[in-house]
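Structure below is query-v4.cif: mmCIF, C-alpha atoms.
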data_work
loop_
_atom_site.label_atom_id
_atom_site.label_comp_id
_atom_site.auth_asym_id
_atom_site.auth_seq_id
_atom_site.Cartn_x
_atom_site.Cartn_y
_atom_site.Cartn_z
CA MET A 1 -78.40 52.68 40.63
CA ARG A 2 -79.12 55.58 42.90
CA THR A 3 -80.73 55.20 46.28
CA SER A 4 -83.19 57.63 47.79
CA GLN A 5 -81.70 60.99 48.76
CA GLY A 6 -80.05 60.85 52.17
CA LYS A 7 -80.67 57.13 52.77
CA LEU A 8 -77.21 55.69 52.08
CA PRO A 9 -75.06 54.64 55.09
CA TRP A 10 -71.31 55.23 54.75
CA TRP A 11 -70.45 51.52 54.88
CA GLN A 12 -72.68 50.86 51.87
CA LEU A 13 -70.81 53.52 49.91
CA THR A 14 -67.57 51.80 50.95
CA LEU A 15 -68.87 48.45 49.71
CA PHE A 16 -70.11 50.01 46.47
CA GLY A 17 -66.64 51.52 45.98
CA VAL A 18 -65.03 48.12 46.42
CA GLY A 19 -67.40 46.70 43.83
CA CYS A 20 -66.55 49.47 41.34
CA THR A 21 -62.80 49.20 41.95
CA ILE A 22 -61.87 45.53 42.18
CA GLY A 23 -62.34 44.26 38.66
CA THR A 24 -60.50 43.44 35.48
CA GLY A 25 -58.12 46.36 36.09
CA PHE A 26 -56.70 44.33 38.97
CA PHE A 27 -57.45 40.74 38.00
CA LEU A 28 -55.91 41.08 34.53
CA GLY A 29 -54.19 44.48 34.52
CA SER A 30 -51.92 43.51 37.43
CA SER A 31 -50.24 41.00 35.11
CA ILE A 32 -49.07 43.94 32.99
CA VAL A 33 -47.79 45.77 36.09
CA ILE A 34 -45.86 42.82 37.45
CA HIS A 35 -44.36 41.94 34.08
CA LYS A 36 -42.99 45.48 33.72
CA SER A 37 -42.13 46.26 37.34
CA GLY A 38 -41.37 43.01 39.19
CA PHE A 39 -41.18 43.43 42.98
CA TRP A 40 -41.46 47.19 42.50
CA THR A 41 -45.15 46.43 41.85
CA LEU A 42 -45.79 46.38 45.60
CA PHE A 43 -44.24 49.83 46.02
CA ILE A 44 -45.98 51.45 43.05
CA PHE A 45 -49.38 50.04 44.09
CA ILE A 46 -48.95 51.82 47.42
CA LEU A 47 -47.94 55.04 45.63
CA ALA A 48 -50.95 54.76 43.32
CA ALA A 49 -53.21 54.14 46.33
CA LEU A 50 -51.95 57.30 48.06
CA ALA A 51 -52.47 59.44 44.97
CA THR A 52 -55.92 57.90 44.47
CA LEU A 53 -56.76 58.73 48.09
CA PHE A 54 -55.78 62.37 47.56
CA VAL A 55 -57.96 62.56 44.44
CA TYR A 56 -60.91 60.98 46.25
CA GLU A 57 -60.50 63.27 49.27
CA ALA A 58 -60.59 66.28 46.96
CA LEU A 59 -63.78 64.99 45.35
CA ALA A 60 -65.32 64.10 48.73
CA GLN A 61 -64.58 67.53 50.21
CA MET A 62 -66.22 69.22 47.22
CA THR A 63 -69.21 66.92 47.76
CA VAL A 64 -69.40 67.91 51.44
CA GLN A 65 -69.34 71.64 50.67
CA HIS A 66 -71.27 71.62 47.37
CA PRO A 67 -73.44 68.47 47.03
CA GLN A 68 -74.22 68.02 43.33
CA LYS A 69 -75.69 65.06 41.45
CA GLY A 70 -73.38 65.80 38.53
CA SER A 71 -70.36 65.37 40.84
CA PHE A 72 -66.99 66.21 39.26
CA ARG A 73 -68.56 67.28 35.95
CA THR A 74 -70.63 69.92 37.76
CA TYR A 75 -67.64 71.03 39.85
CA ALA A 76 -65.54 71.53 36.71
CA GLN A 77 -68.35 73.65 35.29
CA GLN A 78 -68.63 75.71 38.48
CA ALA A 79 -64.87 76.23 38.62
CA TYR A 80 -64.01 76.89 34.98
CA GLY A 81 -67.28 77.52 33.15
CA ARG A 82 -69.76 75.52 31.12
CA SER A 83 -67.21 74.56 28.48
CA ALA A 84 -65.14 72.77 31.12
CA GLY A 85 -68.21 70.83 32.23
CA PHE A 86 -68.84 69.84 28.61
CA GLY A 87 -65.24 68.71 28.12
CA VAL A 88 -65.02 66.75 31.37
CA GLY A 89 -68.38 65.08 30.75
CA TRP A 90 -67.41 63.83 27.30
CA MET A 91 -63.91 62.89 28.40
CA TYR A 92 -65.40 60.76 31.16
CA TRP A 93 -67.78 59.17 28.65
CA CYS A 94 -64.81 58.27 26.46
CA SER A 95 -62.94 56.82 29.43
CA GLU A 96 -65.93 54.68 30.39
CA MET A 97 -66.27 53.42 26.82
CA LEU A 98 -62.60 52.44 26.83
CA ILE A 99 -62.97 50.79 30.23
CA MET A 100 -65.94 48.79 28.98
CA GLY A 101 -63.91 47.80 25.92
CA SER A 102 -61.09 46.69 28.20
CA THR A 103 -63.57 44.77 30.36
CA LEU A 104 -65.09 43.06 27.31
CA THR A 105 -61.63 41.99 26.19
CA ALA A 106 -60.80 40.70 29.66
CA LEU A 107 -64.07 38.76 29.83
CA GLY A 108 -63.23 37.15 26.51
CA ILE A 109 -59.74 36.24 27.73
CA PHE A 110 -61.12 34.71 30.94
CA THR A 111 -63.71 32.71 28.98
CA GLN A 112 -61.05 31.40 26.59
CA LEU A 113 -59.65 29.46 29.55
CA TRP A 114 -62.76 27.28 29.19
CA LEU A 115 -63.33 27.75 25.43
CA PRO A 116 -59.84 28.23 23.98
CA ALA A 117 -60.94 27.77 20.34
CA THR A 118 -63.57 30.54 20.47
CA PRO A 119 -62.43 33.85 18.86
CA LEU A 120 -62.06 36.81 21.21
CA TRP A 121 -64.31 39.05 19.09
CA LEU A 122 -67.14 36.50 19.21
CA LEU A 123 -66.98 36.25 23.02
CA ALA A 124 -66.89 40.06 23.30
CA SER A 125 -69.97 40.30 21.05
CA GLY A 126 -71.82 37.77 23.18
CA TYR A 127 -71.09 39.61 26.42
CA THR A 128 -72.16 42.91 24.83
CA LEU A 129 -75.56 41.50 23.85
CA LEU A 130 -76.00 39.90 27.26
CA ALA A 131 -75.11 43.16 29.05
CA LEU A 132 -77.63 45.07 26.92
CA PHE A 133 -80.31 42.53 27.77
CA VAL A 134 -79.60 42.83 31.52
CA VAL A 135 -79.65 46.64 31.41
CA ILE A 136 -82.92 46.74 29.46
CA TRP A 137 -84.73 44.16 31.57
CA GLY A 138 -83.04 44.34 34.94
CA THR A 139 -81.92 47.85 35.84
CA ASN A 140 -83.74 47.70 39.18
CA GLY A 141 -81.48 46.35 41.85
CA ILE A 142 -78.16 46.83 40.02
CA ASN A 143 -76.81 48.58 43.11
CA LYS A 144 -77.73 45.60 45.31
CA VAL A 145 -76.11 43.21 42.85
CA GLU A 146 -72.94 45.34 42.86
CA ASN A 147 -72.79 45.20 46.66
CA LEU A 148 -73.29 41.43 46.65
CA LEU A 149 -70.61 40.91 44.01
CA ALA A 150 -68.24 43.18 45.95
CA ILE A 151 -68.45 40.64 48.78
CA VAL A 152 -67.86 37.81 46.29
CA LYS A 153 -64.76 39.55 44.91
CA ILE A 154 -63.36 40.23 48.38
CA ALA A 155 -63.99 36.59 49.34
CA ALA A 156 -62.25 35.36 46.17
CA VAL A 157 -59.11 37.45 46.82
CA LEU A 158 -59.08 36.41 50.49
CA MET A 159 -59.43 32.77 49.43
CA PHE A 160 -56.39 33.16 47.17
CA ILE A 161 -54.36 34.83 49.94
CA LEU A 162 -55.25 32.01 52.35
CA VAL A 163 -54.41 29.23 49.87
CA ALA A 164 -51.17 30.87 48.72
CA GLY A 165 -50.19 31.66 52.31
CA VAL A 166 -50.64 28.04 53.40
CA ALA A 167 -48.68 26.80 50.37
CA PHE A 168 -45.86 29.23 51.17
CA ILE A 169 -45.68 28.24 54.84
CA LYS A 170 -45.66 24.55 53.95
CA GLY A 171 -43.20 25.09 51.11
CA THR A 172 -45.42 23.28 48.59
CA GLY A 173 -47.05 24.06 45.26
CA GLY A 174 -43.96 25.28 43.41
CA VAL A 175 -43.08 27.98 45.96
CA ARG A 176 -39.52 29.31 45.93
CA PRO A 177 -37.56 30.88 48.80
CA ILE A 178 -37.94 34.65 49.04
CA HIS A 179 -34.30 35.35 48.16
CA GLN A 180 -34.67 33.41 44.87
CA SER A 181 -37.87 35.26 43.98
CA ALA A 182 -36.29 38.60 44.84
CA ALA A 183 -33.30 37.90 42.60
CA MET A 184 -35.64 37.10 39.73
CA TRP A 185 -38.03 40.04 40.13
CA PHE A 186 -35.89 42.93 41.36
CA ASP A 187 -34.02 43.39 38.10
CA SER A 188 -36.72 45.67 36.64
CA GLY A 189 -35.29 48.77 38.36
CA TRP A 190 -36.87 52.18 38.71
CA LEU A 191 -37.49 52.38 34.95
CA GLY A 192 -39.63 49.24 35.13
CA ALA A 193 -41.52 50.75 38.07
CA TRP A 194 -42.21 53.87 36.02
CA LYS A 195 -43.51 51.79 33.09
CA GLY A 196 -45.96 49.93 35.35
CA LEU A 197 -47.24 52.92 37.34
CA LEU A 198 -50.12 53.69 34.93
CA TYR A 199 -51.51 50.16 35.19
CA ALA A 200 -51.32 50.30 39.00
CA PHE A 201 -53.47 53.44 38.84
CA TYR A 202 -55.87 51.66 36.50
CA ALA A 203 -56.50 49.02 39.16
CA PHE A 204 -57.95 51.80 41.37
CA GLY A 205 -60.18 53.23 38.63
CA GLY A 206 -63.76 53.59 39.83
CA ILE A 207 -63.33 55.91 42.80
CA GLU A 208 -64.81 58.74 40.73
CA VAL A 209 -68.09 56.77 40.57
CA MET A 210 -68.30 57.04 44.36
CA GLY A 211 -68.66 60.79 43.87
CA PHE A 212 -72.00 60.28 42.14
CA MET A 213 -73.22 58.12 45.04
CA ALA A 214 -71.79 60.32 47.84
CA VAL A 215 -74.58 62.91 47.52
CA ASP A 216 -77.00 60.23 48.77
CA LEU A 217 -75.20 59.69 52.08
CA ARG A 218 -77.18 60.20 55.28
CA ASP A 219 -74.31 62.40 56.43
CA SER A 220 -72.24 63.83 53.58
CA LYS A 221 -69.37 64.49 56.00
CA GLN A 222 -68.76 60.73 56.11
CA ALA A 223 -67.82 60.63 52.41
CA PRO A 224 -64.05 60.96 53.08
CA LYS A 225 -64.26 58.20 55.72
CA ALA A 226 -65.99 55.81 53.30
CA GLY A 227 -63.29 56.35 50.67
CA ARG A 228 -60.37 55.96 53.10
CA ILE A 229 -61.64 52.64 54.43
CA MET A 230 -62.41 51.40 50.92
CA LEU A 231 -58.95 52.28 49.60
CA LEU A 232 -57.21 50.82 52.65
CA ALA A 233 -59.07 47.53 52.25
CA VAL A 234 -58.46 47.35 48.50
CA THR A 235 -54.76 48.23 48.84
CA VAL A 236 -54.19 45.57 51.50
CA LEU A 237 -55.88 42.95 49.30
CA TYR A 238 -53.85 44.02 46.27
CA VAL A 239 -50.47 44.08 48.00
CA PHE A 240 -50.86 40.76 49.85
CA SER A 241 -52.22 38.85 46.84
CA ILE A 242 -49.62 40.24 44.43
CA GLY A 243 -46.79 39.69 46.93
CA LEU A 244 -47.74 36.03 47.28
CA THR A 245 -47.99 35.47 43.52
CA LEU A 246 -44.40 36.66 43.15
CA LEU A 247 -43.32 33.63 45.18
CA PHE A 248 -44.90 31.20 42.71
CA VAL A 249 -44.86 32.55 39.17
CA THR A 250 -41.88 33.22 36.93
CA ARG A 251 -41.45 36.15 34.58
CA GLU A 252 -42.17 33.85 31.63
CA GLY A 253 -45.38 32.73 33.34
CA VAL A 254 -46.78 36.26 33.54
CA THR A 255 -48.56 37.41 30.39
CA ALA A 256 -51.13 40.10 29.60
CA ASP A 257 -53.65 37.45 28.53
CA LYS A 258 -53.85 35.60 31.85
CA SER A 259 -54.87 36.67 35.34
CA LEU A 260 -51.96 36.75 37.78
CA LEU A 261 -53.96 34.84 40.39
CA ILE A 262 -54.93 32.15 37.89
CA ALA A 263 -51.26 31.74 36.87
CA ALA A 264 -50.24 31.26 40.51
CA LEU A 265 -52.98 28.71 41.20
CA GLU A 266 -51.91 26.74 38.12
CA VAL A 267 -48.34 26.59 39.47
CA MET A 268 -49.72 25.33 42.79
CA GLY A 269 -51.47 22.52 40.92
CA LEU A 270 -55.00 23.44 42.00
CA PRO A 271 -57.13 23.06 38.83
CA TYR A 272 -60.46 23.07 40.67
CA LEU A 273 -59.68 26.41 42.34
CA VAL A 274 -58.61 27.74 38.94
CA ILE A 275 -62.07 26.91 37.60
CA VAL A 276 -63.82 28.50 40.61
CA LEU A 277 -61.70 31.66 40.54
CA ASN A 278 -62.07 32.03 36.78
CA GLY A 279 -65.85 31.91 37.20
CA VAL A 280 -65.63 34.63 39.84
CA LEU A 281 -63.51 36.77 37.51
CA ILE A 282 -66.08 36.45 34.72
CA LEU A 283 -68.94 37.27 37.08
CA ALA A 284 -67.06 40.24 38.56
CA GLY A 285 -66.09 41.63 35.16
CA PHE A 286 -69.60 41.25 33.79
CA SER A 287 -71.11 43.07 36.78
CA ILE A 288 -68.79 46.03 36.16
CA LEU A 289 -69.69 45.97 32.46
CA VAL A 290 -73.42 46.12 33.22
CA ALA A 291 -73.08 48.85 35.86
CA SER A 292 -70.81 50.93 33.60
CA LEU A 293 -73.16 50.58 30.63
CA TYR A 294 -76.15 51.70 32.69
CA ALA A 295 -74.26 54.56 34.38
CA VAL A 296 -72.71 55.95 31.21
CA SER A 297 -76.07 55.79 29.42
CA THR A 298 -77.60 57.77 32.28
CA MET A 299 -74.82 60.34 32.03
CA LEU A 300 -75.36 60.68 28.28
CA ILE A 301 -78.96 61.62 29.01
CA ALA A 302 -77.77 64.24 31.52
CA LEU A 303 -75.42 65.70 28.89
CA ALA A 304 -78.28 65.84 26.39
CA GLU A 305 -80.64 67.47 28.89
CA ASP A 306 -78.03 70.15 29.62
CA GLY A 307 -77.60 70.89 25.92
CA ASP A 308 -74.12 69.33 25.81
CA ALA A 309 -75.24 66.45 23.56
CA PRO A 310 -77.89 66.09 20.81
CA ALA A 311 -81.38 66.34 22.30
CA TRP A 312 -82.51 63.04 20.76
CA ILE A 313 -80.14 61.13 23.03
CA ALA A 314 -82.33 62.05 26.01
CA VAL A 315 -85.47 60.56 24.44
CA THR A 316 -86.78 57.51 26.32
CA SER A 317 -89.18 54.85 25.07
CA GLY A 318 -91.96 52.70 26.50
CA THR A 319 -93.57 52.62 29.92
CA ARG A 320 -90.19 51.85 31.52
CA LYS A 321 -88.60 55.00 30.06
CA LEU A 322 -85.67 53.10 28.53
CA PRO A 323 -82.85 55.28 27.11
CA LEU A 324 -82.67 53.30 23.87
CA TYR A 325 -80.81 55.99 21.91
CA ALA A 326 -78.18 56.38 24.61
CA LEU A 327 -77.80 52.61 24.82
CA GLY A 328 -77.53 52.45 21.04
CA LEU A 329 -74.75 55.05 20.94
CA ASN A 330 -72.85 53.20 23.66
CA THR A 331 -73.29 49.94 21.77
CA LEU A 332 -71.67 51.53 18.72
CA GLY A 333 -68.72 52.46 20.92
CA LEU A 334 -68.45 48.89 22.19
CA GLY A 335 -68.63 47.72 18.58
CA VAL A 336 -65.34 49.53 17.95
CA SER A 337 -63.76 47.51 20.77
CA ILE A 338 -65.07 44.29 19.23
CA LEU A 339 -63.66 45.30 15.84
CA LEU A 340 -60.27 45.96 17.42
CA ALA A 341 -60.41 42.57 19.12
CA LEU A 342 -60.99 41.04 15.69
CA LEU A 343 -58.09 42.91 14.06
CA MET A 344 -55.42 42.57 16.77
CA PRO A 345 -56.46 40.09 19.49
CA LYS A 346 -52.97 39.66 20.95
CA GLN A 347 -52.27 43.33 21.66
CA ILE A 348 -55.79 44.65 22.24
CA PHE A 349 -56.04 44.43 26.04
CA GLU A 350 -52.85 46.35 26.78
CA HIS A 351 -53.60 49.03 24.14
CA ILE A 352 -57.17 49.65 25.34
CA THR A 353 -56.12 49.49 28.99
CA THR A 354 -53.37 52.07 28.35
CA ALA A 355 -55.77 54.48 26.64
CA ALA A 356 -58.52 53.90 29.25
CA GLY A 357 -56.14 54.41 32.17
CA LEU A 358 -54.78 57.63 30.68
CA VAL A 359 -58.20 59.19 29.99
CA VAL A 360 -59.31 58.32 33.54
CA LEU A 361 -56.20 60.06 34.89
CA TYR A 362 -56.95 63.16 32.78
CA THR A 363 -60.38 63.24 34.46
CA TRP A 364 -58.71 62.96 37.87
CA LEU A 365 -56.51 65.96 37.04
CA PHE A 366 -59.68 67.97 36.39
CA ILE A 367 -61.03 66.88 39.77
CA LEU A 368 -57.90 68.17 41.51
CA ALA A 369 -57.91 71.42 39.53
CA SER A 370 -61.59 72.02 40.38
CA TYR A 371 -60.90 71.29 44.06
CA LEU A 372 -58.02 73.75 44.24
CA LYS A 373 -60.16 76.53 42.73
CA LEU A 374 -63.50 75.88 44.44
CA ASN A 375 -62.43 74.83 47.93
CA LYS A 376 -59.22 76.88 48.20
CA PRO A 377 -57.59 74.41 50.61
CA GLY A 378 -54.80 75.15 53.06
CA ALA A 379 -51.18 74.04 52.81
CA GLY A 380 -52.04 70.39 53.51
CA GLY A 381 -54.58 70.25 50.70
CA TRP A 382 -52.15 71.86 48.28
CA VAL A 383 -49.34 69.45 49.18
CA LYS A 384 -51.58 66.42 48.72
CA SER A 385 -53.00 67.71 45.44
CA CYS A 386 -49.58 68.59 44.02
CA ALA A 387 -48.20 65.17 45.05
CA ALA A 388 -51.12 63.47 43.29
CA ILE A 389 -50.64 65.64 40.18
CA LEU A 390 -46.93 64.74 40.02
CA LEU A 391 -47.62 61.01 40.37
CA ILE A 392 -50.45 61.12 37.82
CA THR A 393 -48.21 63.01 35.38
CA ALA A 394 -45.43 60.45 35.86
CA ALA A 395 -47.90 57.61 35.28
CA ALA A 396 -49.24 59.30 32.12
CA ALA A 397 -45.70 59.63 30.71
CA GLY A 398 -44.79 55.99 31.46
CA PRO A 399 -46.26 54.46 28.25
CA LEU A 400 -43.89 56.60 26.16
CA LEU A 401 -40.96 54.57 27.50
CA GLU A 402 -41.79 51.50 25.43
CA GLU A 403 -43.24 50.72 22.04
CA THR A 404 -46.26 48.73 23.29
CA GLY A 405 -47.54 51.67 25.35
CA ARG A 406 -47.32 54.35 22.68
CA PRO A 407 -50.45 53.42 20.63
CA GLY A 408 -52.62 53.79 23.74
CA PHE A 409 -50.87 57.04 24.70
CA TRP A 410 -51.38 58.68 21.31
CA SER A 411 -54.97 57.41 21.19
CA SER A 412 -55.70 59.06 24.54
CA LEU A 413 -54.19 62.36 23.35
CA LEU A 414 -56.27 62.17 20.17
CA ILE A 415 -59.42 61.79 22.27
CA VAL A 416 -58.48 64.80 24.40
CA LEU A 417 -57.58 66.84 21.29
CA VAL A 418 -60.92 66.14 19.59
CA ILE A 419 -62.89 66.93 22.75
CA GLY A 420 -60.75 70.04 23.30
CA MET A 421 -61.44 71.31 19.77
CA ILE A 422 -65.19 70.77 20.14
CA THR A 423 -65.12 72.42 23.58
CA GLY A 424 -63.23 75.42 22.17
CA TRP A 425 -65.74 75.74 19.34
CA LYS A 426 -68.66 75.71 21.80
CA TRP A 427 -66.91 78.29 23.97
CA TYR A 428 -66.33 80.51 20.94
CA LYS A 429 -69.99 80.26 19.87
CA ALA A 430 -71.21 81.00 23.40
CA ASN A 431 -68.98 84.07 23.75
CA LYS A 432 -69.80 85.27 20.25
CA GLY A 433 -73.51 85.07 21.06
CA THR A 434 -72.98 86.97 24.29
CA LYS A 435 -71.09 89.76 22.52
CA GLU A 436 -73.81 90.03 19.84
CA LEU A 437 -76.48 90.40 22.52
CA ALA A 438 -74.41 93.07 24.23
#
Would you put the structure from the file into structure tokens?
Amino acid sequence: MRTSQGKLPWWQLTLFGVGCTIGTGFFLGSSIVIHKSGFWTLFIFILAALATLFVYEALAQMTVQHPQKGSFRTYAQQAYGRSAGFGVGWMYWCSEMLIMGSTLTALGIFTQLWLPATPLWLLASGYTLLALFVVIWGTNGINKVENLLAIVKIAAVLMFILVAGVAFIKGTGGVRPIHQSAAMWFDSGWLGAWKGLLYAFYAFGGIEVMGFMAVDLRDSKQAPKAGRIMLLAVTVLYVFSIGLTLLFVTREGVTADKSLLIAALEVMGLPYLVIVLNGVLILAGFSILVASLYAVSTMLIALAEDGDAPAWIAVTSGTRKLPLYALGLNTLGLGVSILLALLMPKQIFEHITTAAGLVVLYTWLFILASYLKLNKPGAGGWVKSCAAILLITAAAAGPLLEETGRPGFWSSLLIVLVIGMITGWKWYKANKGTKELA
């Protein structure tokens, strides 16, 4: 997925960021946000975008001053020692596994629009096997495919905005006056906004991947610019598309198992566009699944090579140097997601999305902490970082406010606790060995 050192123009990094960001977290996760937060969704998406921008700027500025292929994992290690690098690396691996599980579930839900009788676990299994096949036989050019699909995703959202905008202006397709929609959606209050904040953040997940690519820019100083333009474009698309859907769908019509855009097009009575958009959603979700599977397998190898994972994980096979052991370990992780889809298909997407979003936010907190220690920013950098930390903390606490969010919250804490215990054990062994040598 990586281009040659110093050959990447800033606009290509922007496009890659769009491809890594616009996915199932928005297409399906936004239904959770809007169900919990109503019209406050527009406000909290803007808040989440600002906090995401501050996190990305911190990562980009570290990249400008200390270009490292390991990105935020290396910066955590430089700031707080090797144990921190170990912990952040494995926490990010866990977040990516959860994100891929969430993506698999979303792909199954999208496909059930066409094949409603097919079990969710069977669809998830099929997409897992297909993703493995693509990674094994088609890793070359994944970056180009991601850029192409980024354009497809942007075009799909713009198509929806155009269609919904015309329907609103003409007053057709089930549209209601704004004052009626406001009365229906504004009753969520600030508590509803708080509950939905985490899922708004989840829709921006992927900006940390840009950190891995930023070291390949022709001019590393353009990394902040690439992220700002990407986040501005994504936020505008999110806010306009969500704002228009609020004029068509009812609260009863918004569920966690249906894309918000699909629900709005169904109200408009446009079945052919529903079919087209659903195909785009499947294609977009599958591209993220493939890219994530390849990237996280590559990172597992890096952890193994640094001694932070069993050495056998780094072993490659055949003339193409395929990381079969790393792929196998990741497949086992995806198998857990498939098992969960079999056991609780109705609740699985929200639970996995909650846990995935939380673990991603924990990684972002490490990015901010590393930035504050390594770069020692001025007052402006501290204000931005503290604002992002407060918003991230508020988002992380949101799932505790309702019963459906608590399983994901406790699961995320369990992951952090296990990684923390292993990290502490490694730190103890390393310091014990140092003392014995002394």
- Message: the PyMOL selection byres ((chain A and resi 307-319) around 10) - which residues does that actually catch in the file I just gave you? List them as a count of residues only.
- Response: 29
- Query: Hey, what's within 7 Å of segment 218-222 of chain A if we count all atoms listed in the file and toss same-chain stuff fewer than 5 positions away? As a PyMOL selection string, please?
  - Reply: chain A and resi 6-10+64
Mind writing the picked residues with C-alpha atoms as a PDB file, in the frame of the given file?
ATOM      1  CA  GLY A   6     -80.050  60.850  52.170  1.00  0.00           C
ATOM      2  CA  LYS A   7     -80.670  57.130  52.770  1.00  0.00           C
ATOM      3  CA  LEU A   8     -77.210  55.690  52.080  1.00  0.00           C
ATOM      4  CA  PRO A   9     -75.060  54.640  55.090  1.00  0.00           C
ATOM      5  CA  TRP A  10     -71.310  55.230  54.750  1.00  0.00           C
ATOM      6  CA  VAL A  64     -69.400  67.910  51.440  1.00  0.00           C
TER       7      VAL A  64
END
- Kindly give the distance, in Å, that separates atom CA of Ser287 of chain A and atom CA of Gly23 of chain A, rounded to a single decimal.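 Computed distance, atom CA of Ser287 of chain A to atom CA of Gly23 of chain A, equals 9.0 Å.
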- Message: Would you compute the distance between atom CA of Val280 of chain A and atom CA of Glu96 of chain A? Give it in Å to one decimal.
- Response: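 Spanning atom CA of Val280 of chain A to atom CA of Glu96 of chain A is a straight-line distance of 22.2 Å.
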- Query: Hey, what's within 12 Å of Arg406 of chain A if we count all atoms listed in the file and toss same-chain stuff fewer than 6 positions away? As a list in words, please?
  - Reply: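 Non-adjacent residues within range: Lys195, Glu350, His351, Ile352, Thr353, Thr354, Ala355, Leu358, Ala396, Ala397, Gly398, Pro399, Leu400, Ser412 and Leu413 of chain A.
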- Item | Result set, the PyMOL selection byres ((chain A and resi 16) around 12) on current file, as a PyMOL selection string | chain A and resi 1-3+8-15+17-22+142-151+153+206-214+226-227+229-231+287-288+291
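Distance-wise, atom CA of Tyr294 of chain A and atom CA of Leu130 of chain A end up 13.0 Å apart.
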- Which neighbours of Ala394 of chain A fall inside 9 Å, counting all atoms listed in the file, when residues of the same chain fewer than 4 positions from it are skipped, and could you give them as a list in words? Trp194, Leu197, Leu198, Ile389, Leu390 and Gly398 of chain A
Would you give me, as JSON lines, each residue of segment 18-114 of chain A having an atom within 8 Å of an atom of segment 242-255 of chain A, along with its shortest atom pair and that distance in Å to one decimal, using only C-alpha atoms and sorting by chain and residue number?
{"residue": "A:Ser31", "atom": "CA", "partner": "A:Val254", "partner_atom": "CA", "distance": 6.1}
{"residue": "A:Ile32", "atom": "CA", "partner": "A:Thr255", "partner_atom": "CA", "distance": 7.0}
{"residue": "A:Ile34", "atom": "CA", "partner": "A:Val254", "partner_atom": "CA", "distance": 7.7}
{"residue": "A:His35", "atom": "CA", "partner": "A:Val254", "partner_atom": "CA", "distance": 6.2}
{"residue": "A:Phe39", "atom": "CA", "partner": "A:Leu246", "partner_atom": "CA", "distance": 7.5}
{"residue": "A:Leu42", "atom": "CA", "partner": "A:Gly243", "partner_atom": "CA", "distance": 6.9}
- Message: Using the chain letters and numbers from this file, what does the PyMOL selection byres ((chain A and resi 268) around 9) select? Give the answer as a list of chain:residue names.
- Response: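 That selection, the PyMOL selection byres ((chain A and resi 268) around 9), comes back as A:Ala164, A:Ala167, A:Thr172, A:Gly173, A:Gly174, A:Val175, A:Phe248, A:Ala263, A:Ala264, A:Leu265, A:Glu266, A:Val267, A:Gly269, A:Leu270, A:Pro271.
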